[in-house]
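Visitor: coords-v6.cif is reproduced below (mmCIF, C-alpha atoms).
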```cif
data_upload
#
loop_
_atom_site.label_atom_id
_atom_site.label_comp_id
_atom_site.auth_asym_id
_atom_site.auth_seq_id
_atom_site.Cartn_x
_atom_site.Cartn_y
_atom_site.Cartn_z
CA MET O 1 -13.84 -7.45 14.49
CA LEU O 2 -11.01 -9.57 13.13
CA VAL O 3 -9.08 -8.01 10.25
CA GLY O 4 -7.15 -10.13 7.75
CA ILE O 5 -4.13 -8.37 6.24
CA THR O 6 -2.60 -9.71 3.03
CA GLY O 7 0.99 -8.66 2.43
CA SER O 8 1.39 -8.11 6.17
CA ASN O 9 5.18 -8.50 6.02
CA GLY O 10 5.54 -5.80 3.35
CA PHE O 11 6.31 -2.11 3.83
CA ILE O 12 2.76 -0.86 4.43
CA GLY O 13 1.61 -4.10 6.05
CA SER O 14 4.33 -4.18 8.71
CA HIS O 15 3.60 -0.59 9.72
CA LEU O 16 -0.14 -1.29 9.80
CA ILE O 17 0.35 -4.30 12.08
CA ASN O 18 2.56 -2.25 14.39
CA TYR O 19 -0.12 0.46 14.54
CA PHE O 20 -2.91 -2.01 15.22
CA SER O 21 -0.84 -3.74 17.92
CA LYS O 22 0.40 -0.67 19.77
CA ILE O 23 -2.23 2.04 19.20
CA SER O 24 -5.59 0.81 17.90
CA LYS O 25 -5.58 -2.61 19.58
CA ILE O 26 -7.43 -4.03 16.55
CA ASN O 27 -7.43 -7.82 16.30
CA PHE O 28 -5.81 -9.02 13.10
CA VAL O 29 -4.54 -12.12 11.32
CA GLU O 30 -1.58 -12.03 8.94
CA ILE O 31 -2.12 -13.54 5.49
CA LEU O 32 1.33 -14.23 4.08
CA LYS O 33 2.70 -15.14 0.67
CA ASP O 34 2.87 -18.86 1.52
CA ASP O 35 -0.79 -18.81 2.54
CA PHE O 36 -1.73 -18.07 -1.08
CA LEU O 37 0.38 -21.01 -2.25
CA ASN O 38 -0.72 -23.70 0.21
CA ASN O 39 -4.39 -22.67 0.43
CA GLU O 40 -4.05 -21.64 4.09
CA ILE O 41 -5.69 -18.43 2.89
CA PHE O 42 -9.10 -20.18 2.94
CA LYS O 43 -8.77 -21.02 6.63
CA LYS O 44 -7.54 -17.55 7.59
CA VAL O 45 -10.13 -15.63 5.58
CA SER O 46 -12.92 -17.75 7.10
CA LYS O 47 -12.11 -16.23 10.51
CA CYS O 48 -12.25 -12.59 9.36
CA ASN O 49 -14.90 -9.90 9.18
CA THR O 50 -12.74 -7.47 7.18
CA ILE O 51 -9.87 -7.91 4.72
CA ILE O 52 -7.19 -5.35 3.89
CA HIS O 53 -5.60 -6.44 0.60
CA LEU O 54 -2.03 -5.09 0.45
CA ALA O 55 -0.23 -8.05 -1.14
CA GLY O 56 1.33 -7.38 -4.51
CA LEU O 57 4.45 -7.12 -6.61
CA ASN O 58 5.79 -3.62 -7.29
CA ARG O 59 8.72 -4.31 -9.58
CA HIS O 60 10.18 -7.14 -11.66
CA ASN O 61 12.51 -7.47 -14.64
CA GLU O 62 9.64 -8.92 -16.67
CA ASN O 63 6.60 -6.66 -16.90
CA ARG O 64 4.19 -9.53 -17.46
CA VAL O 65 5.20 -11.09 -14.14
CA ILE O 66 4.04 -7.97 -12.26
CA PHE O 67 0.59 -8.02 -13.86
CA ASP O 68 0.08 -11.78 -13.65
CA THR O 69 1.27 -12.04 -10.03
CA ASN O 70 -0.98 -9.24 -8.77
CA ILE O 71 -4.06 -10.50 -10.59
CA ASP O 72 -3.42 -14.06 -9.39
CA LEU O 73 -3.24 -12.86 -5.77
CA THR O 74 -6.52 -10.97 -6.14
CA LYS O 75 -8.30 -13.93 -7.75
CA LYS O 76 -7.14 -16.28 -5.00
CA LEU O 77 -8.40 -13.84 -2.40
CA ILE O 78 -11.78 -13.67 -4.14
CA ASP O 79 -11.94 -17.49 -4.23
CA ALA O 80 -11.46 -17.47 -0.46
CA LEU O 81 -14.07 -14.72 -0.04
CA GLU O 82 -16.59 -16.69 -2.08
CA LYS O 83 -16.25 -19.59 0.34
CA ASN O 84 -16.74 -17.39 3.40
CA SER O 85 -19.83 -15.31 4.17
CA LYS O 86 -18.47 -13.55 7.28
CA VAL O 87 -16.30 -10.98 5.45
CA ASN O 88 -18.39 -7.87 5.05
CA HIS O 89 -15.77 -5.34 3.95
CA VAL O 90 -12.68 -5.46 1.72
CA ILE O 91 -10.22 -2.57 1.61
CA PHE O 92 -7.85 -2.57 -1.37
CA SER O 93 -4.61 -0.64 -1.57
CA SER O 94 -4.62 0.71 -5.10
CA SER O 95 -2.40 3.48 -6.37
CA THR O 96 -2.33 6.69 -8.34
CA GLN O 97 -0.62 4.45 -10.91
CA GLU O 98 -3.91 2.71 -11.74
CA SER O 99 -4.59 5.32 -14.45
CA LYS O 100 -1.13 4.77 -15.99
CA ASP O 101 -0.31 2.53 -18.94
CA ASN O 102 2.11 0.24 -17.11
CA PRO O 103 1.83 -3.35 -15.79
CA TYR O 104 1.66 -2.29 -12.14
CA GLY O 105 -1.03 0.31 -12.78
CA LYS O 106 -3.01 -2.04 -15.01
CA SER O 107 -2.91 -4.76 -12.36
CA LYS O 108 -4.24 -2.34 -9.75
CA LEU O 109 -7.08 -1.26 -12.00
CA LYS O 110 -8.01 -4.84 -12.92
CA SER O 111 -7.88 -5.93 -9.27
CA LYS O 112 -10.13 -3.04 -8.30
CA VAL O 113 -12.71 -4.11 -10.88
CA LEU O 114 -12.60 -7.76 -9.76
CA LEU O 115 -13.05 -6.89 -6.09
CA SER O 116 -15.74 -4.32 -6.80
CA ASN O 117 -17.68 -6.89 -8.82
CA TRP O 118 -17.41 -9.39 -5.96
CA ALA O 119 -18.72 -6.80 -3.49
CA THR O 120 -21.62 -5.76 -5.71
CA SER O 121 -22.64 -9.35 -6.43
CA ASN O 122 -22.60 -10.29 -2.75
CA SER O 123 -23.92 -7.03 -1.22
CA LYS O 124 -20.63 -6.45 0.62
CA TYR O 125 -18.67 -3.27 1.24
CA PHE O 126 -15.63 -2.49 -0.89
CA THR O 127 -13.26 0.45 -0.45
CA ASN O 128 -10.68 1.24 -3.12
CA LEU O 129 -7.87 3.40 -1.78
CA ILE O 130 -6.02 5.53 -4.32
CA ILE O 131 -2.71 5.89 -2.51
CA PRO O 132 0.06 8.36 -3.46
CA ASN O 133 3.78 7.55 -3.17
CA VAL O 134 4.45 6.24 0.34
CA PHE O 135 7.74 6.76 2.17
CA GLY O 136 9.12 6.19 5.67
CA PRO O 137 11.21 3.82 7.82
CA TYR O 138 12.05 0.40 6.31
CA CYS O 139 11.06 1.53 2.82
CA LYS O 140 13.14 -0.45 0.30
CA PRO O 141 15.38 1.46 -2.13
CA HIS O 142 14.83 0.70 -5.82
CA TYR O 143 11.49 -0.88 -4.92
CA ASN O 144 9.03 1.06 -2.74
CA SER O 145 9.83 4.74 -3.16
CA VAL O 146 12.11 7.22 -4.88
CA VAL O 147 12.65 8.78 -1.44
CA SER O 148 14.33 5.63 -0.16
CA THR O 149 16.21 5.15 -3.44
CA PHE O 150 17.69 8.67 -3.35
CA SER O 151 18.44 8.37 0.39
CA HIS O 152 20.26 5.08 -0.15
CA GLN O 153 22.28 6.50 -3.04
CA ILE O 154 23.19 9.73 -1.25
CA ILE O 155 24.33 8.04 1.96
CA ASN O 156 26.50 5.65 -0.08
CA ASN O 157 28.00 8.49 -2.14
CA ASP O 158 26.40 7.25 -5.35
CA VAL O 159 25.17 9.71 -7.98
CA PRO O 160 21.35 9.68 -8.19
CA SER O 161 19.87 10.16 -11.64
CA ILE O 162 16.57 11.79 -12.56
CA ILE O 163 14.87 10.08 -15.48
CA VAL O 164 11.80 12.33 -15.65
CA ASP O 165 11.48 15.41 -13.45
CA ASN O 166 7.78 15.11 -12.68
CA ASN O 167 5.92 16.41 -9.65
CA ILE O 168 5.20 13.55 -7.26
CA GLU O 169 2.68 13.27 -4.43
CA LEU O 170 4.11 11.85 -1.20
CA ILE O 171 2.54 10.55 2.00
CA TYR O 172 4.37 9.50 5.16
CA ILE O 173 3.67 5.88 6.10
CA GLN O 174 2.33 6.65 9.59
CA ASN O 175 -0.17 9.12 8.17
CA LEU O 176 -1.37 6.48 5.70
CA VAL O 177 -1.91 3.77 8.33
CA LYS O 178 -3.80 6.27 10.50
CA LYS O 179 -6.17 6.92 7.58
CA ILE O 180 -6.69 3.18 7.10
CA ASP O 181 -7.44 2.87 10.80
CA ASP O 182 -9.99 5.69 10.48
CA ILE O 183 -11.78 3.72 7.76
CA LEU O 184 -11.94 0.63 9.96
CA THR O 185 -13.23 2.53 12.97
CA LYS O 186 -16.15 3.96 10.97
CA LYS O 187 -14.92 7.52 10.69
CA TYR O 188 -15.93 7.48 7.04
CA ASN O 189 -19.61 7.49 6.13
CA TYR O 190 -20.68 4.59 3.90
CA ARG O 191 -23.81 5.32 1.93
CA LYS O 192 -23.11 2.81 -0.81
CA TYR O 193 -21.43 -0.55 -0.98
CA THR O 194 -18.50 0.35 -3.23
CA LYS O 195 -16.52 3.45 -2.47
CA GLU O 196 -13.35 5.02 -3.85
CA LEU O 197 -11.23 7.15 -1.56
CA LYS O 198 -8.35 9.21 -2.88
CA ILE O 199 -5.90 9.48 -0.01
CA LYS O 200 -4.70 13.06 0.41
CA TYR O 201 -0.96 13.44 -0.01
CA ASP O 202 1.23 15.20 2.56
CA LYS O 203 3.47 16.98 0.09
CA LYS O 204 3.72 17.56 -3.63
CA ILE O 205 7.25 18.10 -4.88
CA SER O 206 9.29 17.78 -8.06
CA VAL O 207 11.80 14.93 -8.24
CA SER O 208 14.65 17.42 -8.58
CA ASP O 209 13.55 19.42 -5.52
CA LEU O 210 13.20 16.19 -3.55
CA LEU O 211 16.77 15.26 -4.45
CA LEU O 212 18.04 18.70 -3.39
CA LYS O 213 16.18 18.46 -0.08
CA LEU O 214 17.61 15.03 0.72
CA LYS O 215 21.12 16.15 -0.19
CA LYS O 216 20.75 19.13 2.15
CA ILE O 217 19.58 16.86 4.99
CA LYS O 218 22.62 14.64 4.47
CA GLU O 219 24.93 17.66 4.33
CA ASP O 220 23.52 19.13 7.55
CA TYR O 221 23.15 15.97 9.58
CA ILE O 222 26.00 13.73 8.44
CA ASP O 223 28.64 16.20 7.29
CA ASN O 224 28.11 19.13 9.67
CA ASN O 225 26.43 17.55 12.73
CA ILE O 226 23.44 19.87 12.45
CA LEU O 227 20.00 18.47 13.22
CA PRO O 228 17.88 19.18 10.09
CA ASN O 229 14.63 21.11 10.43
#
```
Translate the structure described by the file into C-alpha coordinates.

Guide:
Amino acid sequence: MLVGITGSNGFIGSHLINYFSKISKINFVEILKDDFLNNEIFKKVSKCNTIIHLAGLNRHNENRVIFDTNIDLTKKLIDALEKNSKVNHVIFSSSTQESKDNPYGKSKLKSKVLLSNWATSNSKYFTNLIIPNVFGPYCKPHYNSVVSTFSHQIINNDVPSIIVDNNIELIYIQNLVKKIDDILTKKYNYRKYTKELKIKYDKKISVSDLLLKLKKIKEDYIDNNILPN
(Lines of atoms letter the chains of each structure in order from A and count residues from 1; the text may use other names and numbers.)
(Lines give C-alpha, C1' and ligand atoms only; values in the text may rest on other atoms or scores of the structure.)
Protein backbone atom coordinates (compact mmCIF):
# COMPACT_ATOMS: atom_id res chain seq x y z
CA MET A 1 0.00 0.00 0.00
CA LEU A 2 1.24 3.46 -0.94
CA VAL A 3 -0.59 6.33 0.75
CA GLY A 4 -0.68 9.82 -0.77
CA ILE A 5 -0.99 12.61 1.80
CA THR A 6 -2.12 16.06 0.68
CA GLY A 7 -1.17 18.89 3.02
CA SER A 8 1.67 16.74 4.35
CA ASN A 9 3.64 19.76 5.58
CA GLY A 10 0.72 21.06 7.65
CA PHE A 11 0.01 20.50 11.34
CA ILE A 12 -1.84 17.17 11.06
CA GLY A 13 0.10 16.05 7.98
CA SER A 14 3.55 16.46 9.54
CA HIS A 15 2.52 14.45 12.60
CA LEU A 16 0.95 11.76 10.41
CA ILE A 17 4.14 11.40 8.36
CA ASN A 18 6.22 11.16 11.52
CA TYR A 19 3.89 8.43 12.83
CA PHE A 20 3.97 6.49 9.58
CA SER A 21 7.77 6.77 9.41
CA LYS A 22 8.60 5.83 12.99
CA ILE A 23 5.75 3.60 14.18
CA SER A 24 3.53 2.17 11.44
CA LYS A 25 6.18 1.92 8.70
CA ILE A 26 3.48 2.75 6.12
CA ASN A 27 4.79 3.78 2.70
CA PHE A 28 3.65 7.25 1.74
CA VAL A 29 4.17 10.03 -0.79
CA GLU A 30 3.83 13.70 0.11
CA ILE A 31 1.51 15.78 -2.08
CA LEU A 32 2.47 19.40 -1.48
CA LYS A 33 0.92 22.75 -2.33
CA ASP A 34 3.14 23.22 -5.41
CA ASP A 35 2.03 19.82 -6.73
CA PHE A 36 -1.50 21.19 -7.12
CA LEU A 37 -0.15 24.18 -9.05
CA ASN A 38 2.23 22.45 -11.46
CA ASN A 39 0.12 19.32 -12.06
CA GLU A 40 2.68 17.08 -10.34
CA ILE A 41 -0.35 15.85 -8.40
CA PHE A 42 -1.36 13.67 -11.38
CA LYS A 43 1.96 11.81 -11.33
CA LYS A 44 1.95 11.33 -7.55
CA VAL A 45 -1.67 10.20 -7.30
CA SER A 46 -1.09 7.66 -10.09
CA LYS A 47 1.32 5.80 -7.78
CA CYS A 48 -1.07 5.57 -4.82
CA ASN A 49 -3.63 3.07 -3.58
CA THR A 50 -5.01 5.37 -0.87
CA ILE A 51 -5.26 9.15 -0.49
CA ILE A 52 -5.54 11.08 2.77
CA HIS A 53 -6.80 14.56 1.88
CA LEU A 54 -5.64 17.02 4.56
CA ALA A 55 -4.76 20.04 2.41
CA GLY A 56 -6.81 23.15 3.05
CA LEU A 57 -6.92 26.73 4.22
CA ASN A 58 -8.15 27.35 7.78
CA ARG A 59 -8.12 31.12 7.99
CA HIS A 60 -7.85 34.16 5.72
CA ASN A 61 -8.81 37.83 5.88
CA GLU A 62 -11.24 37.28 3.01
CA ASN A 63 -13.86 34.62 3.69
CA ARG A 64 -14.38 33.82 0.03
CA VAL A 65 -10.71 32.87 -0.34
CA ILE A 66 -11.11 30.12 2.29
CA PHE A 67 -14.07 28.54 0.49
CA ASP A 68 -12.67 28.90 -3.03
CA THR A 69 -9.20 27.60 -2.10
CA ASN A 70 -10.49 24.49 -0.34
CA ILE A 71 -12.96 23.60 -3.09
CA ASP A 72 -10.30 24.15 -5.76
CA LEU A 73 -7.92 21.77 -3.97
CA THR A 74 -10.62 19.10 -3.74
CA LYS A 75 -11.59 19.45 -7.41
CA LYS A 76 -7.97 19.16 -8.52
CA LEU A 77 -7.59 16.04 -6.42
CA ILE A 78 -10.71 14.55 -8.00
CA ASP A 79 -9.34 15.36 -11.48
CA ALA A 80 -6.23 13.38 -10.58
CA LEU A 81 -8.32 10.53 -9.17
CA GLU A 82 -10.39 10.35 -12.35
CA LYS A 83 -7.21 9.78 -14.35
CA ASN A 84 -6.00 7.01 -12.05
CA SER A 85 -7.81 3.73 -11.36
CA LYS A 86 -5.44 2.42 -8.67
CA VAL A 87 -6.76 4.58 -5.80
CA ASN A 88 -9.36 2.55 -3.99
CA HIS A 89 -9.87 4.61 -0.83
CA VAL A 90 -9.95 8.34 -0.04
CA ILE A 91 -9.93 9.58 3.55
CA PHE A 92 -10.99 13.21 4.01
CA SER A 93 -10.26 15.32 7.07
CA SER A 94 -13.49 17.18 7.62
CA SER A 95 -14.43 19.00 10.79
CA THR A 96 -17.18 19.53 13.33
CA GLN A 97 -17.38 22.92 11.59
CA GLU A 98 -19.00 21.37 8.51
CA SER A 99 -22.44 21.94 10.05
CA LYS A 100 -21.65 25.61 10.75
CA ASP A 101 -22.59 28.58 8.58
CA ASN A 102 -19.05 29.79 7.89
CA PRO A 103 -16.75 29.59 4.82
CA TYR A 104 -14.48 26.95 6.34
CA GLY A 105 -17.37 24.73 7.41
CA LYS A 106 -19.15 25.17 4.08
CA SER A 107 -15.99 24.23 2.18
CA LYS A 108 -15.64 21.06 4.24
CA LEU A 109 -19.24 20.07 3.59
CA LYS A 110 -18.99 20.78 -0.14
CA SER A 111 -15.71 18.86 -0.40
CA LYS A 112 -17.26 15.91 1.39
CA VAL A 113 -20.12 15.82 -1.11
CA LEU A 114 -17.77 16.05 -4.11
CA LEU A 115 -15.53 13.24 -2.86
CA SER A 116 -18.47 11.06 -1.85
CA ASN A 117 -19.98 11.46 -5.32
CA TRP A 118 -16.66 10.46 -6.91
CA ALA A 119 -16.47 7.35 -4.71
CA THR A 120 -20.06 6.31 -5.42
CA SER A 121 -19.70 6.83 -9.17
CA ASN A 122 -16.50 4.79 -9.32
CA SER A 123 -17.30 2.10 -6.71
CA LYS A 124 -14.45 3.29 -4.48
CA TYR A 125 -14.24 3.64 -0.71
CA PHE A 126 -14.62 7.06 0.89
CA THR A 127 -14.24 7.88 4.58
CA ASN A 128 -15.28 11.29 5.89
CA LEU A 129 -13.68 12.07 9.24
CA ILE A 130 -15.53 14.54 11.45
CA ILE A 131 -12.60 15.81 13.50
CA PRO A 132 -12.90 17.91 16.69
CA ASN A 133 -10.45 20.70 17.59
CA VAL A 134 -6.91 19.33 17.35
CA PHE A 135 -4.04 20.54 19.52
CA GLY A 136 -0.45 19.54 20.23
CA PRO A 137 3.20 20.32 19.39
CA TYR A 138 3.83 22.68 16.44
CA CYS A 139 0.21 23.84 16.40
CA LYS A 140 0.14 27.41 15.07
CA PRO A 141 -1.34 30.17 17.28
CA HIS A 142 -4.13 32.21 15.70
CA TYR A 143 -4.52 29.51 13.05
CA ASN A 144 -4.88 25.87 14.13
CA SER A 145 -6.25 25.88 17.66
CA VAL A 146 -7.38 28.09 20.52
CA VAL A 147 -5.10 26.00 22.75
CA SER A 148 -2.02 27.19 20.89
CA THR A 149 -3.38 30.74 20.66
CA PHE A 150 -3.95 30.98 24.43
CA SER A 151 -0.59 29.30 25.16
CA HIS A 152 1.23 31.76 22.91
CA GLN A 153 -0.52 34.73 24.50
CA ILE A 154 0.04 33.56 28.07
CA ILE A 155 3.74 32.81 27.64
CA ASN A 156 4.24 36.26 26.06
CA ASN A 157 2.30 38.00 28.85
CA ASP A 158 -0.47 39.08 26.50
CA VAL A 159 -4.08 39.22 27.68
CA PRO A 160 -6.18 36.50 26.00
CA SER A 161 -9.76 37.42 25.19
CA ILE A 162 -12.79 35.13 25.07
CA ILE A 163 -15.21 36.07 22.31
CA VAL A 164 -17.79 33.35 22.98
CA ASP A 165 -17.50 31.04 25.99
CA ASN A 166 -18.68 27.85 24.30
CA ASN A 167 -17.82 24.28 25.20
CA ILE A 168 -15.23 22.92 22.79
CA GLU A 169 -14.24 19.34 21.99
CA LEU A 170 -10.49 18.73 21.91
CA ILE A 171 -8.33 15.88 20.67
CA TYR A 172 -4.57 15.54 21.07
CA ILE A 173 -2.77 15.26 17.73
CA GLN A 174 -1.09 11.91 18.48
CA ASN A 175 -4.43 10.35 19.36
CA LEU A 176 -5.88 11.59 16.07
CA VAL A 177 -3.08 10.18 13.90
CA LYS A 178 -3.37 6.84 15.71
CA LYS A 179 -7.06 6.73 14.76
CA ILE A 180 -6.22 7.49 11.14
CA ASP A 181 -3.65 4.71 11.21
CA ASP A 182 -6.31 2.35 12.58
CA ILE A 183 -8.52 3.14 9.58
CA LEU A 184 -5.69 2.38 7.16
CA THR A 185 -4.81 -0.90 8.85
CA LYS A 186 -8.39 -2.18 8.53
CA LYS A 187 -9.39 -1.90 12.16
CA TYR A 188 -12.68 -0.39 11.04
CA ASN A 189 -15.25 -2.59 9.33
CA TYR A 190 -16.35 -1.34 5.90
CA ARG A 191 -19.74 -2.63 4.88
CA LYS A 192 -20.47 0.18 2.45
CA TYR A 193 -18.42 2.32 0.14
CA THR A 194 -19.00 5.70 1.78
CA LYS A 195 -18.64 6.00 5.51
CA GLU A 196 -18.70 8.87 7.99
CA LEU A 197 -16.72 8.55 11.19
CA LYS A 198 -17.07 11.05 14.00
CA ILE A 199 -13.74 11.04 15.79
CA LYS A 200 -14.23 10.86 19.55
CA TYR A 201 -12.79 13.83 21.39
CA ASP A 202 -10.41 13.47 24.35
CA LYS A 203 -11.86 16.27 26.42
CA LYS A 204 -14.80 18.64 26.38
CA ILE A 205 -14.17 21.93 28.13
CA SER A 206 -15.43 25.50 28.13
CA VAL A 207 -13.17 28.16 26.63
CA SER A 208 -12.96 29.93 29.99
CA ASP A 209 -11.98 26.74 31.85
CA LEU A 210 -9.37 26.01 29.18
CA LEU A 211 -7.87 29.45 29.70
CA LEU A 212 -7.78 28.96 33.49
CA LYS A 213 -6.10 25.56 33.08
CA LEU A 214 -3.40 26.93 30.78
CA LYS A 215 -2.76 29.87 33.10
CA LYS A 216 -2.34 27.45 36.01
CA ILE A 217 0.13 25.34 34.01
CA LYS A 218 2.17 28.45 33.23
CA GLU A 219 2.04 29.57 36.86
CA ASP A 220 3.19 26.18 38.15
CA TYR A 221 5.81 25.37 35.55
CA ILE A 222 7.29 28.73 34.55
CA ASP A 223 6.77 30.85 37.66
CA ASN A 224 7.15 28.30 40.47
CA ASN A 225 9.26 25.51 38.91
CA ILE A 226 6.60 22.91 39.66
CA LEU A 227 5.99 20.18 37.09
CA PRO A 228 2.24 20.36 36.27
CA ASN A 229 0.08 17.27 36.67

Visitor: Could you state the separation of CA of Ser93 in chain O and CA of Lys108 in chain O in Å, given to one decimal place?

Guide: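 Taking CA of Ser93 in chain O as the start and CA of Lys108 in chain O as the end point, the length is 8.4 Å.
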
Visitor: What do you get, as an mmCIF file with C-alpha atoms, in the coordinates of the input, if you spell out every residue that the PyMOL selection byres ((chain O and resi 84) around 12) selects here?

Guide:
```
data_model
loop_
_atom_site.group_PDB
_atom_site.id
_atom_site.type_symbol
_atom_site.label_atom_id
_atom_site.label_comp_id
_atom_site.auth_asym_id
_atom_site.auth_seq_id
_atom_site.Cartn_x
_atom_site.Cartn_y
_atom_site.Cartn_z
ATOM 1 C CA ILE O 41 -5.690 -18.430 2.890
ATOM 2 C CA PHE O 42 -9.100 -20.180 2.940
ATOM 3 C CA LYS O 43 -8.770 -21.020 6.630
ATOM 4 C CA LYS O 44 -7.540 -17.550 7.590
ATOM 5 C CA VAL O 45 -10.130 -15.630 5.580
ATOM 6 C CA SER O 46 -12.920 -17.750 7.100
ATOM 7 C CA LYS O 47 -12.110 -16.230 10.510
ATOM 8 C CA CYS O 48 -12.250 -12.590 9.360
ATOM 9 C CA ASN O 49 -14.900 -9.900 9.180
ATOM 10 C CA THR O 50 -12.740 -7.470 7.180
ATOM 11 C CA ILE O 51 -9.870 -7.910 4.720
ATOM 12 C CA LEU O 77 -8.400 -13.840 -2.400
ATOM 13 C CA ILE O 78 -11.780 -13.670 -4.140
ATOM 14 C CA ASP O 79 -11.940 -17.490 -4.230
ATOM 15 C CA ALA O 80 -11.460 -17.470 -0.460
ATOM 16 C CA LEU O 81 -14.070 -14.720 -0.040
ATOM 17 C CA GLU O 82 -16.590 -16.690 -2.080
ATOM 18 C CA LYS O 83 -16.250 -19.590 0.340
ATOM 19 C CA SER O 85 -19.830 -15.310 4.170
ATOM 20 C CA LYS O 86 -18.470 -13.550 7.280
ATOM 21 C CA VAL O 87 -16.300 -10.980 5.450
ATOM 22 C CA ASN O 88 -18.390 -7.870 5.050
ATOM 23 C CA ASN O 122 -22.600 -10.290 -2.750
ATOM 24 C CA LYS O 124 -20.630 -6.450 0.620
#
```

Visitor: I'd like the residues picked by the PyMOL selection byres ((chain O and resi 59) around 10) written out as a list in words, using the chain letters and numbers from the file.

Guide: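 The output of the PyMOL selection byres ((chain O and resi 59) around 10) on this file is Gly56, Leu57, Asn58, His60, Asn61, Glu62, Asn63, Val65, Ile66, Phe67, Pro103, Tyr104, His142, Tyr143 and Asn144 of chain O.
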
Visitor: Give me the range 47-133 of chain O side of the contact with range 16-19 of chain O, cut-off 12 Å, one line per residue showing its nearest atom pair and distance in Å at one decimal, counting only C-alpha atoms, sorted by chain and residue number, as CSV.

Guide:
```
residue,atom,partner,partner_atom,distance
O:Ile52,CA,O:Leu16,CA,10.1
O:His53,CA,O:Leu16,CA,11.9
O:Leu54,CA,O:Leu16,CA,10.3
```

Visitor: Please produce a file of the residues just selected, as a PDB file, in the coordinates of the input, where the atoms kept are C-alpha atoms.

Guide:
```
ATOM      1  CA  ILE O  52      -7.190  -5.350   3.890  1.00  0.00           C
ATOM      2  CA  HIS O  53      -5.600  -6.440   0.600  1.00  0.00           C
ATOM      3  CA  LEU O  54      -2.030  -5.090   0.450  1.00  0.00           C
TER       4      LEU O  54
END
```

Visitor: Determine the nearest neighbour of Asn133 in chain O from the options O:Ile12, O:Leu212, O:Ile26, O:Val164, counting only C-alpha atoms.

Guide: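 Going through O:Ile12, O:Leu212, O:Ile26, O:Val164 one by one, the smallest distance to Asn133 in chain O is for O:Ile12.
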
Visitor: From the list O:Val90, O:Val159, O:Leu211, O:Ile222, which residue is nearest Thr120 in chain O when using all atoms listed in the file?

Guide: O:Val90

Visitor: Need to verify the contact set: Asp34 in chain O, 12 Å, only C-alpha atoms, exclusion of same-chain residues closer than 5 positions in sequence. Can you return it as a list of chain:residue names?

Guide: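 Counting only the stated atoms, we get O:Thr6, O:Gly7, O:Ser8, O:Asn9, O:Asn39, O:Glu40, O:Ile41, O:Ala55, O:Leu73.
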
Visitor: If we count all atoms listed in the file and set the cut-off at 10 Å, which residues sit around Asp209 in chain O, ignoring sequence neighbours fewer than 5 positions away in its own chain? Please answer as a PyMOL selection string.

Guide: chain O and resi 165+167+214-215

Visitor: Restricting the calculation to only C-alpha atoms, which member of O:Lys140, O:Arg64, O:Lys213, O:Lys218 is positioned closest to Asn157 in chain O?

Guide: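 Of all the options, O:Lys218 lies closest to Asn157 in chain O.
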
Visitor: Pick the closest to Ser107 in chain O from O:Lys195, O:Lys179, O:His89, O:Lys75: which is it, counting all atoms listed in the file?

Guide: O:Lys75

Visitor: Range 206-221 of chain O, all listed atoms, 4 Å padding on each side: what axis-aligned box centre and edge lengths in Å to one decimal come out, as JSON?

Guide:
```
{"center_x": 17.1, "center_y": 17.0, "center_z": 0.5, "size_x": 23.6, "size_y": 12.8, "size_z": 26.2}
```

Visitor: Which residues match the PyMOL selection byres ((chain O and resi 168-170) around 10) in the file above, as a count of residues only?

Guide: 24

Visitor: Set the distance at 7 Å and use only C-alpha atoms: which residues neighbour Val29 in chain O once local chain neighbours fewer than 2 positions away are removed? I'd like the list as a list in words.

Guide: Val3, Gly4, Ile5 and Ile31 of chain O
